[in-house]
>>> print(open('upload_35.cif').read())   # mmCIF, N, CA and C atoms and all ligand atoms
data_entry
#
loop_
_atom_site.label_atom_id
_atom_site.label_comp_id
_atom_site.auth_asym_id
_atom_site.auth_seq_id
_atom_site.Cartn_x
_atom_site.Cartn_y
_atom_site.Cartn_z
N MET O 838 52.12 -169.76 -199.76
CA MET O 838 52.52 -170.12 -201.13
C MET O 838 53.77 -170.99 -201.08
N LYS O 839 53.68 -172.10 -201.78
CA LYS O 839 54.86 -172.96 -201.87
C LYS O 839 55.74 -172.43 -202.99
N SER O 840 56.67 -171.60 -202.62
CA SER O 840 57.48 -170.99 -203.68
C SER O 840 58.54 -171.96 -204.18
N TRP O 841 58.81 -171.86 -205.43
CA TRP O 841 59.76 -172.74 -206.09
C TRP O 841 60.93 -171.87 -206.50
N ASN O 842 61.89 -171.76 -205.64
CA ASN O 842 63.02 -170.89 -205.94
C ASN O 842 64.28 -171.70 -206.20
N SER O 843 65.33 -170.98 -206.55
CA SER O 843 66.57 -171.68 -206.91
C SER O 843 67.14 -172.47 -205.73
N LYS O 844 66.86 -172.00 -204.49
CA LYS O 844 67.38 -172.67 -203.30
C LYS O 844 66.72 -174.04 -203.13
N SER O 845 65.39 -174.08 -203.26
CA SER O 845 64.70 -175.36 -203.09
C SER O 845 65.04 -176.30 -204.24
N ARG O 846 65.22 -175.75 -205.43
CA ARG O 846 65.58 -176.59 -206.58
C ARG O 846 66.96 -177.22 -206.37
N LYS O 847 67.89 -176.41 -205.89
CA LYS O 847 69.25 -176.90 -205.63
C LYS O 847 69.22 -178.03 -204.58
N LYS O 848 68.39 -177.81 -203.54
CA LYS O 848 68.29 -178.79 -202.46
C LYS O 848 67.75 -180.13 -202.99
N ILE O 849 66.75 -180.06 -203.84
CA ILE O 849 66.16 -181.27 -204.40
C ILE O 849 67.18 -182.00 -205.28
N ILE O 850 67.90 -181.26 -206.11
CA ILE O 850 68.89 -181.86 -207.01
C ILE O 850 70.00 -182.52 -206.19
N GLU O 851 70.48 -181.81 -205.16
CA GLU O 851 71.55 -182.38 -204.32
C GLU O 851 71.09 -183.66 -203.64
N PHE O 852 69.83 -183.64 -203.16
CA PHE O 852 69.29 -184.82 -202.50
C PHE O 852 69.22 -186.01 -203.46
N LEU O 853 68.72 -185.75 -204.66
CA LEU O 853 68.58 -186.83 -205.64
C LEU O 853 69.95 -187.37 -206.07
N GLU O 854 70.94 -186.48 -206.14
CA GLU O 854 72.29 -186.95 -206.50
C GLU O 854 72.85 -187.84 -205.40
N GLU O 855 72.51 -187.51 -204.14
CA GLU O 855 72.92 -188.37 -203.02
C GLU O 855 72.24 -189.73 -203.11
N VAL O 856 70.95 -189.71 -203.49
CA VAL O 856 70.19 -190.96 -203.63
C VAL O 856 70.86 -191.85 -204.68
N ILE O 857 71.27 -191.26 -205.79
CA ILE O 857 71.95 -192.02 -206.84
C ILE O 857 73.26 -192.61 -206.32
N ASP O 858 74.02 -191.78 -205.60
CA ASP O 858 75.29 -192.25 -205.03
C ASP O 858 75.07 -193.44 -204.11
N ASP O 859 74.06 -193.32 -203.23
CA ASP O 859 73.76 -194.41 -202.30
C ASP O 859 73.33 -195.67 -203.03
N LEU O 860 72.44 -195.47 -203.98
CA LEU O 860 71.90 -196.58 -204.75
C LEU O 860 73.00 -197.31 -205.51
N ALA O 861 73.86 -196.54 -206.16
CA ALA O 861 74.96 -197.14 -206.91
C ALA O 861 75.98 -197.74 -205.94
N GLY O 862 76.13 -197.11 -204.76
CA GLY O 862 77.09 -197.54 -203.75
C GLY O 862 76.80 -198.93 -203.22
N TRP O 863 75.56 -199.17 -202.80
CA TRP O 863 75.25 -200.52 -202.28
C TRP O 863 74.90 -201.47 -203.41
N GLY O 864 74.36 -200.91 -204.50
CA GLY O 864 73.93 -201.75 -205.60
C GLY O 864 75.05 -202.54 -206.23
N CYS O 865 76.25 -201.97 -206.22
CA CYS O 865 77.37 -202.64 -206.87
C CYS O 865 77.82 -203.88 -206.08
N TYR O 866 77.35 -203.98 -204.80
CA TYR O 866 77.68 -205.18 -204.02
C TYR O 866 76.78 -206.36 -204.37
N ALA O 867 75.63 -206.03 -204.97
CA ALA O 867 74.70 -207.10 -205.36
C ALA O 867 75.22 -207.80 -206.60
N GLU O 868 74.92 -209.10 -206.68
CA GLU O 868 75.33 -209.85 -207.87
C GLU O 868 74.62 -209.30 -209.09
N GLU O 869 75.25 -209.49 -210.23
CA GLU O 869 74.69 -208.97 -211.47
C GLU O 869 73.24 -209.43 -211.68
N TYR O 870 72.98 -210.68 -211.30
CA TYR O 870 71.62 -211.22 -211.45
C TYR O 870 70.60 -210.34 -210.72
N PHE O 871 70.92 -209.98 -209.49
CA PHE O 871 69.98 -209.18 -208.70
C PHE O 871 69.96 -207.72 -209.16
N GLN O 872 71.10 -207.23 -209.63
CA GLN O 872 71.12 -205.87 -210.17
C GLN O 872 70.17 -205.76 -211.36
N GLU O 873 70.20 -206.83 -212.17
CA GLU O 873 69.32 -206.83 -213.35
C GLU O 873 67.88 -207.11 -212.96
N LYS O 874 67.69 -208.02 -212.01
CA LYS O 874 66.35 -208.39 -211.57
C LYS O 874 65.60 -207.17 -211.04
N HIS O 875 66.29 -206.37 -210.28
CA HIS O 875 65.65 -205.17 -209.70
C HIS O 875 65.92 -203.92 -210.53
N ASP O 876 66.50 -204.10 -211.69
CA ASP O 876 66.74 -203.01 -212.64
C ASP O 876 67.46 -201.82 -211.99
N LEU O 877 68.59 -202.10 -211.40
CA LEU O 877 69.37 -201.05 -210.73
C LEU O 877 69.73 -199.91 -211.67
N SER O 878 70.25 -200.25 -212.85
CA SER O 878 70.65 -199.17 -213.77
C SER O 878 69.42 -198.40 -214.26
N GLY O 879 68.28 -199.10 -214.38
CA GLY O 879 67.04 -198.43 -214.79
C GLY O 879 66.57 -197.45 -213.73
N ASP O 880 66.69 -197.84 -212.46
CA ASP O 880 66.31 -196.95 -211.36
C ASP O 880 67.18 -195.70 -211.36
N ILE O 881 68.48 -195.91 -211.56
CA ILE O 881 69.40 -194.76 -211.57
C ILE O 881 69.08 -193.84 -212.74
N LYS O 882 68.82 -194.42 -213.90
CA LYS O 882 68.46 -193.61 -215.08
C LYS O 882 67.17 -192.82 -214.85
N ARG O 883 66.23 -193.45 -214.16
CA ARG O 883 64.95 -192.80 -213.87
C ARG O 883 65.17 -191.56 -212.99
N ILE O 884 66.03 -191.69 -211.98
CA ILE O 884 66.30 -190.56 -211.09
C ILE O 884 67.09 -189.49 -211.85
N GLU O 885 68.05 -189.92 -212.67
CA GLU O 885 68.82 -188.96 -213.47
C GLU O 885 67.90 -188.17 -214.40
N GLY O 886 66.93 -188.87 -214.97
CA GLY O 886 65.96 -188.20 -215.85
C GLY O 886 65.12 -187.19 -215.09
N PHE O 887 64.78 -187.56 -213.84
CA PHE O 887 63.99 -186.65 -213.02
C PHE O 887 64.80 -185.42 -212.64
N ILE O 888 66.09 -185.61 -212.37
CA ILE O 888 66.97 -184.47 -212.07
C ILE O 888 66.97 -183.49 -213.24
N GLU O 889 67.04 -184.01 -214.46
CA GLU O 889 67.02 -183.15 -215.64
C GLU O 889 65.70 -182.37 -215.72
N GLU O 890 64.59 -183.06 -215.38
CA GLU O 890 63.29 -182.39 -215.38
C GLU O 890 63.28 -181.25 -214.37
N VAL O 891 63.80 -181.54 -213.17
CA VAL O 891 63.83 -180.54 -212.10
C VAL O 891 64.68 -179.34 -212.53
N LYS O 892 65.80 -179.63 -213.20
CA LYS O 892 66.70 -178.55 -213.66
C LYS O 892 66.00 -177.63 -214.66
N ASN O 893 65.05 -178.18 -215.40
CA ASN O 893 64.38 -177.40 -216.45
C ASN O 893 63.16 -176.61 -215.96
N ILE O 894 62.79 -176.79 -214.71
CA ILE O 894 61.66 -176.02 -214.19
C ILE O 894 62.15 -174.60 -213.91
N PRO O 895 61.45 -173.59 -214.44
CA PRO O 895 61.89 -172.22 -214.19
C PRO O 895 61.87 -171.92 -212.69
N VAL O 896 62.82 -171.15 -212.22
CA VAL O 896 62.93 -170.90 -210.78
C VAL O 896 61.79 -170.03 -210.25
N THR O 897 61.06 -169.35 -211.11
CA THR O 897 59.98 -168.49 -210.64
C THR O 897 58.67 -169.26 -210.48
N TYR O 898 58.71 -170.53 -210.86
CA TYR O 898 57.50 -171.35 -210.79
C TYR O 898 57.01 -171.52 -209.35
N ALA O 899 55.70 -171.36 -209.16
CA ALA O 899 55.12 -171.55 -207.84
C ALA O 899 53.71 -172.11 -208.00
N ILE O 900 53.22 -172.70 -206.94
CA ILE O 900 51.85 -173.23 -206.95
C ILE O 900 50.99 -172.40 -206.00
N CYS O 901 49.85 -171.97 -206.49
CA CYS O 901 48.91 -171.23 -205.65
C CYS O 901 48.25 -172.18 -204.66
N ASP O 902 48.29 -171.85 -203.37
CA ASP O 902 47.67 -172.70 -202.36
C ASP O 902 46.15 -172.66 -202.46
N GLY O 903 45.63 -171.63 -203.10
CA GLY O 903 44.18 -171.48 -203.21
C GLY O 903 43.58 -172.38 -204.27
N CYS O 904 44.17 -172.38 -205.47
CA CYS O 904 43.55 -173.12 -206.58
C CYS O 904 44.46 -174.21 -207.14
N GLY O 905 45.71 -174.25 -206.70
CA GLY O 905 46.63 -175.29 -207.14
C GLY O 905 47.23 -175.07 -208.52
N LYS O 906 46.92 -173.91 -209.12
CA LYS O 906 47.48 -173.63 -210.44
C LYS O 906 48.86 -172.99 -210.31
N SER O 907 49.64 -173.11 -211.38
CA SER O 907 50.97 -172.51 -211.32
C SER O 907 50.87 -171.01 -211.55
N ILE O 908 51.64 -170.28 -210.79
CA ILE O 908 51.64 -168.82 -210.89
C ILE O 908 53.07 -168.31 -211.00
N GLN O 909 53.22 -167.16 -211.58
CA GLN O 909 54.55 -166.58 -211.80
C GLN O 909 54.90 -165.53 -210.75
N THR O 910 53.90 -164.94 -210.14
CA THR O 910 54.14 -163.90 -209.13
C THR O 910 53.38 -164.27 -207.86
N SER O 911 53.44 -163.41 -206.84
CA SER O 911 52.73 -163.70 -205.60
C SER O 911 51.23 -163.42 -205.74
N TYR O 912 50.83 -162.84 -206.86
CA TYR O 912 49.39 -162.64 -207.12
C TYR O 912 48.89 -163.75 -208.04
N CYS O 913 47.80 -164.40 -207.64
CA CYS O 913 47.23 -165.45 -208.48
C CYS O 913 46.10 -164.88 -209.34
N PRO O 914 46.26 -164.87 -210.66
CA PRO O 914 45.20 -164.33 -211.52
C PRO O 914 44.01 -165.28 -211.64
N HIS O 915 44.18 -166.55 -211.22
CA HIS O 915 43.11 -167.52 -211.34
C HIS O 915 42.05 -167.33 -210.24
N CYS O 916 42.50 -167.14 -209.02
CA CYS O 916 41.54 -166.97 -207.93
C CYS O 916 41.68 -165.61 -207.24
N GLN O 917 42.41 -164.72 -207.86
CA GLN O 917 42.56 -163.33 -207.38
C GLN O 917 43.03 -163.24 -205.92
N ARG O 918 44.00 -164.06 -205.58
CA ARG O 918 44.55 -163.98 -204.23
C ARG O 918 45.96 -163.44 -204.30
N LEU O 919 46.31 -162.74 -203.25
CA LEU O 919 47.68 -162.25 -203.13
C LEU O 919 48.37 -162.98 -201.98
N TRP O 920 49.42 -163.70 -202.32
CA TRP O 920 50.15 -164.47 -201.31
C TRP O 920 51.40 -163.70 -200.90
N GLU O 921 51.75 -163.88 -199.64
CA GLU O 921 53.00 -163.27 -199.20
C GLU O 921 54.15 -164.10 -199.77
N SER O 922 55.13 -163.44 -200.29
CA SER O 922 56.24 -164.19 -200.87
C SER O 922 57.35 -164.39 -199.85
ZN ZN T 1 44.92 -169.34 -207.19
#
>>> encode(input="upload_35.cif", output="structure tokens")
Amino acid sequence: MKSWNSKSRKKIIEFLEEVIDDLAGWGCYAEEYFQEKHDLSGDIKRIEGFIEEVKNIPVTYAICDGCGKSIQTSYCPHCQRLWES
């Protein structure tokens, strides 16, 4: 079971924040023309928006490896499987 816990969520958020830092870090060296051409601020906003989405996913959320549906516990009511947590 691919469990979605607070640890993995934190890791994803930290990684995405690093991506934003890197993107903004080198992006500011590009001329304004190229920043706009490649929509640098739009890319950053897109990642920031995704971070907000990730923050709003409940920490108990998990995906059943058997049927791919979201489950709240280690037992999947959709395909009646019990996963080790
Ligand atoms: Zn299932």
>>> residues_around(input="upload_35.cif", residues="Ile908 of chain O", least_positions_apart="3", cutoff="7 Å", atoms="only C-alpha atoms", output="PyMOL selection string")
chain O and resi 898-901+913
>>> atom_distance(input="upload_35.cif", atom1="atom ZN of ligand ZN 1 (chain T)", atom2="atom CA of Gly905 of chain O")
6.2 Å
>>> atom_distance(input="upload_35.cif", atom1="atom C of Cys865 of chain O", atom2="atom CA of Ile850 of chain O")
23.8 Å
>>> residues_around(input="upload_35.cif", residues="segment 879-890 of chain O", least_positions_apart="5", cutoff="8 Å", atoms="only N, CA and C atoms", output="ChimeraX atom specification")
/O:849-850,853-854,856-857,860-861,872-873,895
>>> residues_near_ligand(input="upload_35.cif", ligand="ligand ZN 1 (chain T)", cutoff="6 Å", atoms="only C-alpha atoms and all ligand atoms", output="list in words")
Cys901, Gly903, Cys904, Lys906, Cys913, His915 and Cys916 of chain O
>>> select_by_dssp(input="upload_35.cif", residues="chain O", states="alpha helix (DSSP H)", output="VMD selection string")
chain O and resid 843 to 864 869 to 874 877 to 892
>>> decode(input="upload_35.cif", residues="chain O", atoms="C-alpha atoms", output="short mmCIF file (atom, residue, chain, number, x, y, z; two decimals), in the first residue's frame")
data_model
loop_
_atom_site.label_atom_id
_atom_site.label_comp_id
_atom_site.auth_asym_id
_atom_site.auth_seq_id
_atom_site.Cartn_x
_atom_site.Cartn_y
_atom_site.Cartn_z
CA MET O 838 0.00 0.00 0.00
CA LYS O 839 1.29 3.39 -0.95
CA SER O 840 0.48 5.16 2.25
CA TRP O 841 0.05 8.88 2.24
CA ASN O 842 1.21 10.05 5.61
CA SER O 843 2.32 13.36 7.04
CA LYS O 844 5.98 12.40 6.50
CA SER O 845 5.64 11.85 2.76
CA ARG O 846 3.50 14.97 2.44
CA LYS O 847 6.12 17.06 4.23
CA LYS O 848 8.84 15.61 1.97
CA ILE O 849 6.90 16.50 -1.18
CA ILE O 850 6.19 20.05 0.04
CA GLU O 851 9.85 20.61 0.99
CA PHE O 852 10.98 19.32 -2.39
CA LEU O 853 8.58 21.58 -4.28
CA GLU O 854 9.67 24.58 -2.22
CA GLU O 855 13.27 23.80 -3.20
CA VAL O 856 12.19 23.62 -6.85
CA ILE O 857 10.64 27.09 -6.55
CA ASP O 858 13.81 28.44 -4.92
CA ASP O 859 15.97 26.99 -7.70
CA LEU O 860 13.64 28.18 -10.42
CA ALA O 861 13.46 31.70 -9.02
CA GLY O 862 17.22 31.59 -8.29
CA TRP O 863 18.40 31.03 -11.86
CA GLY O 864 15.35 32.60 -13.45
CA CYS O 865 16.19 36.04 -12.15
CA TYR O 866 19.42 35.95 -14.20
CA ALA O 867 17.42 35.65 -17.40
CA GLU O 868 16.40 38.83 -19.17
CA GLU O 869 12.85 39.95 -18.64
CA TYR O 870 12.04 39.01 -22.23
CA PHE O 871 12.98 35.38 -21.64
CA GLN O 872 11.36 35.29 -18.20
CA GLU O 873 8.12 36.32 -19.85
CA LYS O 874 8.63 34.14 -22.92
CA HIS O 875 8.96 31.03 -20.78
CA ASP O 876 6.41 32.30 -18.24
CA LEU O 877 8.71 32.02 -15.23
CA SER O 878 6.26 33.61 -12.80
CA GLY O 879 3.48 31.39 -14.21
CA ASP O 880 5.57 28.27 -13.58
CA ILE O 881 6.26 29.36 -10.01
CA LYS O 882 2.56 30.09 -9.43
CA ARG O 883 1.67 26.67 -10.83
CA ILE O 884 4.00 24.92 -8.37
CA GLU O 885 2.77 27.11 -5.49
CA GLY O 886 -0.78 26.14 -6.39
CA PHE O 887 0.19 22.48 -6.39
CA ILE O 888 1.80 22.86 -2.95
CA GLU O 889 -1.53 24.20 -1.65
CA GLU O 890 -3.30 21.19 -3.18
CA VAL O 891 -0.83 18.82 -1.51
CA LYS O 892 -1.32 20.60 1.83
CA ASN O 893 -5.07 20.01 1.59
CA ILE O 894 -4.88 16.26 1.05
CA PRO O 895 -5.83 14.51 4.30
CA VAL O 896 -2.87 12.66 5.80
CA THR O 897 -4.83 9.41 6.08
CA TYR O 898 -5.33 9.27 2.33
CA ALA O 899 -3.96 6.15 0.65
CA ILE O 900 -4.30 4.32 -2.64
CA CYS O 901 -5.18 0.64 -2.74
CA ASP O 902 -2.62 -1.27 -4.83
CA GLY O 903 -5.33 -3.74 -5.78
CA CYS O 904 -7.97 -1.49 -7.31
CA GLY O 905 -6.37 1.97 -7.30
CA LYS O 906 -9.18 3.52 -5.28
CA SER O 907 -8.56 5.78 -2.33
CA ILE O 908 -8.92 4.14 1.05
CA GLN O 909 -8.92 5.47 4.60
CA THR O 910 -7.65 2.38 6.43
CA SER O 911 -5.43 -0.60 5.60
CA TYR O 912 -8.58 -2.53 4.65
CA CYS O 913 -9.96 -1.82 1.18
CA PRO O 914 -13.77 -2.06 1.09
CA HIS O 915 -13.72 -1.97 -2.73
CA CYS O 916 -11.78 -5.16 -3.35
CA GLN O 917 -11.86 -6.60 0.19
CA ARG O 918 -8.11 -6.69 0.63
CA LEU O 919 -6.19 -6.06 3.78
CA TRP O 920 -2.86 -4.31 3.29
CA GLU O 921 -0.08 -4.16 5.78
CA SER O 922 0.32 -0.61 6.97
#
